[in-house]
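Have a look at model-v6.cif below; it lists mmCIF, C-alpha atoms and all ligand atoms.
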data_run
#
loop_
_atom_site.group_PDB
_atom_site.id
_atom_site.type_symbol
_atom_site.label_atom_id
_atom_site.label_comp_id
_atom_site.auth_asym_id
_atom_site.auth_seq_id
_atom_site.Cartn_x
_atom_site.Cartn_y
_atom_site.Cartn_z
ATOM 1 C CA MET P 215 -17.176 2.720 19.146
ATOM 2 C CA SER P 216 -18.712 2.691 15.672
ATOM 3 C CA ILE P 217 -16.790 5.827 14.732
ATOM 4 C CA ILE P 218 -13.502 4.179 15.657
ATOM 5 C CA GLN P 219 -14.458 1.063 13.736
ATOM 6 C CA SER P 220 -15.381 2.987 10.591
ATOM 7 C CA MET P 221 -12.238 5.066 10.905
ATOM 8 C CA SER P 222 -10.051 1.997 11.106
ATOM 9 C CA ILE P 223 -11.870 0.489 8.128
ATOM 10 C CA CYS P 224 -11.275 3.683 6.157
ATOM 11 C CA PHE P 225 -7.645 3.622 7.165
ATOM 12 C CA LEU P 226 -7.209 0.011 6.078
ATOM 13 C CA LEU P 227 -9.028 0.661 2.813
ATOM 14 C CA SER P 228 -6.924 3.689 1.980
ATOM 15 C CA LEU P 229 -3.809 1.770 2.932
ATOM 16 C CA GLY P 230 -4.839 -1.058 0.622
ATOM 17 C CA LEU P 231 -5.605 1.353 -2.189
ATOM 18 C CA PHE P 232 -2.329 3.131 -1.684
ATOM 19 C CA THR P 233 -0.248 -0.027 -1.768
ATOM 20 C CA SER P 234 -2.116 -1.426 -4.770
ATOM 21 C CA CYS P 235 -1.657 1.847 -6.627
ATOM 22 C CA SER P 236 2.034 2.012 -5.925
ATOM 23 C CA GLU P 237 2.806 -1.374 -7.378
ATOM 24 C CA GLN P 238 5.035 -0.179 -10.193
ATOM 25 C CA LYS P 239 2.277 1.848 -11.763
ATOM 26 C CA LYS P 240 3.883 5.171 -12.298
ATOM 27 C CA TYR P 241 1.995 7.808 -14.123
ATOM 28 C CA THR P 242 4.054 10.035 -16.305
ATOM 29 C CA ALA P 243 1.283 12.442 -17.153
ATOM 30 C CA TYR P 244 -1.878 13.794 -15.636
ATOM 31 C CA GLN P 245 -4.985 14.925 -17.392
ATOM 32 C CA CYS P 246 -8.374 16.333 -16.494
ATOM 33 C CA PRO P 247 -10.959 13.508 -16.506
ATOM 34 C CA MET P 248 -13.349 15.866 -18.304
ATOM 35 C CA LYS P 249 -10.665 16.829 -20.828
ATOM 36 C CA CYS P 250 -11.429 20.506 -20.409
ATOM 37 C CA GLU P 251 -8.207 21.345 -22.128
ATOM 38 C CA GLY P 252 -8.335 18.632 -24.743
ATOM 39 C CA GLU P 253 -5.245 16.511 -24.863
ATOM 40 C CA LYS P 254 -3.266 18.811 -22.609
ATOM 41 C CA THR P 255 -1.406 16.919 -19.939
ATOM 42 C CA TYR P 256 0.448 17.893 -16.836
ATOM 43 C CA THR P 257 3.615 16.418 -15.453
ATOM 44 C CA GLN P 258 2.424 16.690 -11.889
ATOM 45 C CA THR P 259 -0.802 15.744 -10.248
ATOM 46 C CA GLY P 260 -3.136 18.478 -9.137
ATOM 47 C CA LYS P 261 -6.444 20.003 -10.017
ATOM 48 C CA CYS P 262 -7.794 21.079 -13.356
ATOM 49 C CA PRO P 263 -7.661 24.881 -13.587
ATOM 50 C CA VAL P 264 -10.896 24.874 -15.590
ATOM 51 C CA CYS P 265 -13.263 22.615 -13.645
ATOM 52 C CA GLY P 266 -11.260 22.068 -10.463
ATOM 53 C CA MET P 267 -11.424 18.273 -10.621
ATOM 54 C CA ASP P 268 -8.480 16.156 -9.586
ATOM 55 C CA LEU P 269 -6.311 15.287 -12.514
ATOM 56 C CA ASP P 270 -6.280 11.662 -13.589
ATOM 57 C CA GLY P 271 -3.009 9.869 -13.983
ATOM 58 C CA ILE P 272 -2.553 8.538 -17.461
ATOM 59 C CA GLU P 273 -0.108 5.937 -18.533
ATOM 60 C CA THR P 274 2.035 6.943 -21.418
ATOM 61 C CA LYS P 275 3.568 3.964 -23.106
ATOM 62 C CA ASN P 276 7.098 4.026 -24.271
ATOM 63 C CA LYS P 277 7.882 2.350 -27.510
HETATM 64 ZN ZN ZN N 1 -11.302 20.032 -16.140
#

So, in terms of structure tokens, how does the structure I just supplied come out?
Ligand SMILES: [Zn+2]
Amino acid sequence: MSIIQSMSICFLLSLGLFTSCSEQKKYTAYQCPMKCEGEKTYTQTGKCPVCGMDLDGIETKNK
């Protein structure tokens, strides 16, 4: 019972996170949170080739 409850809570939480993230917040660049490669950015999300951490989405502002 408790497993099902925690699973459904996780599902609802992830659903909430997903919907809140997708509210017109589009990342145009991705960067290692540790900045292993300095200011190098990627156009697609993924993992840092240096430390293996998930790349962080960064917002690049247009003028
Ligand atoms: Zn890194």

- Message: If the PyMOL selection byres (((not hetatm)) within 9 of (chain N and resi 1)) were run on this exact file, what residues would it hold? Put them as an MDAnalysis selection string.
- Response: chainID P and resid 245:251 261:269

- Task: Could you tell me which of P:Ile223, P:Asp270, P:Leu229, P:Ser216 comes closest to Ala243 in chain P if we count all atoms listed in the file?
- Result: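 Checking each of P:Ile223, P:Asp270, P:Leu229, P:Ser216 against Ala243 in chain P, counting all atoms listed in the file, the winner is P:Asp270.
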
- Message: Need to verify the contact set: Glu273 in chain P, 10 Å, only C-alpha atoms, exclusion of same-chain residues closer than 4 positions in sequence. Can you return it as a ChimeraX atom specification?
- Response: /P:239-244

- From the set P:Cys224, P:Ile217, P:Leu231, P:Ile272, which residue has the shortest atom-to-atom contact distance to Tyr256 in chain P, counting all atoms listed in the file?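 Among the listed residues, the smallest separation from Tyr256 in chain P belongs to P:Ile272.
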
- Query: What does the distance from CA of Gly271 in chain P to CA of Gly252 in chain P come to in Å, to one decimal?
  - Reply: 14.9 Å
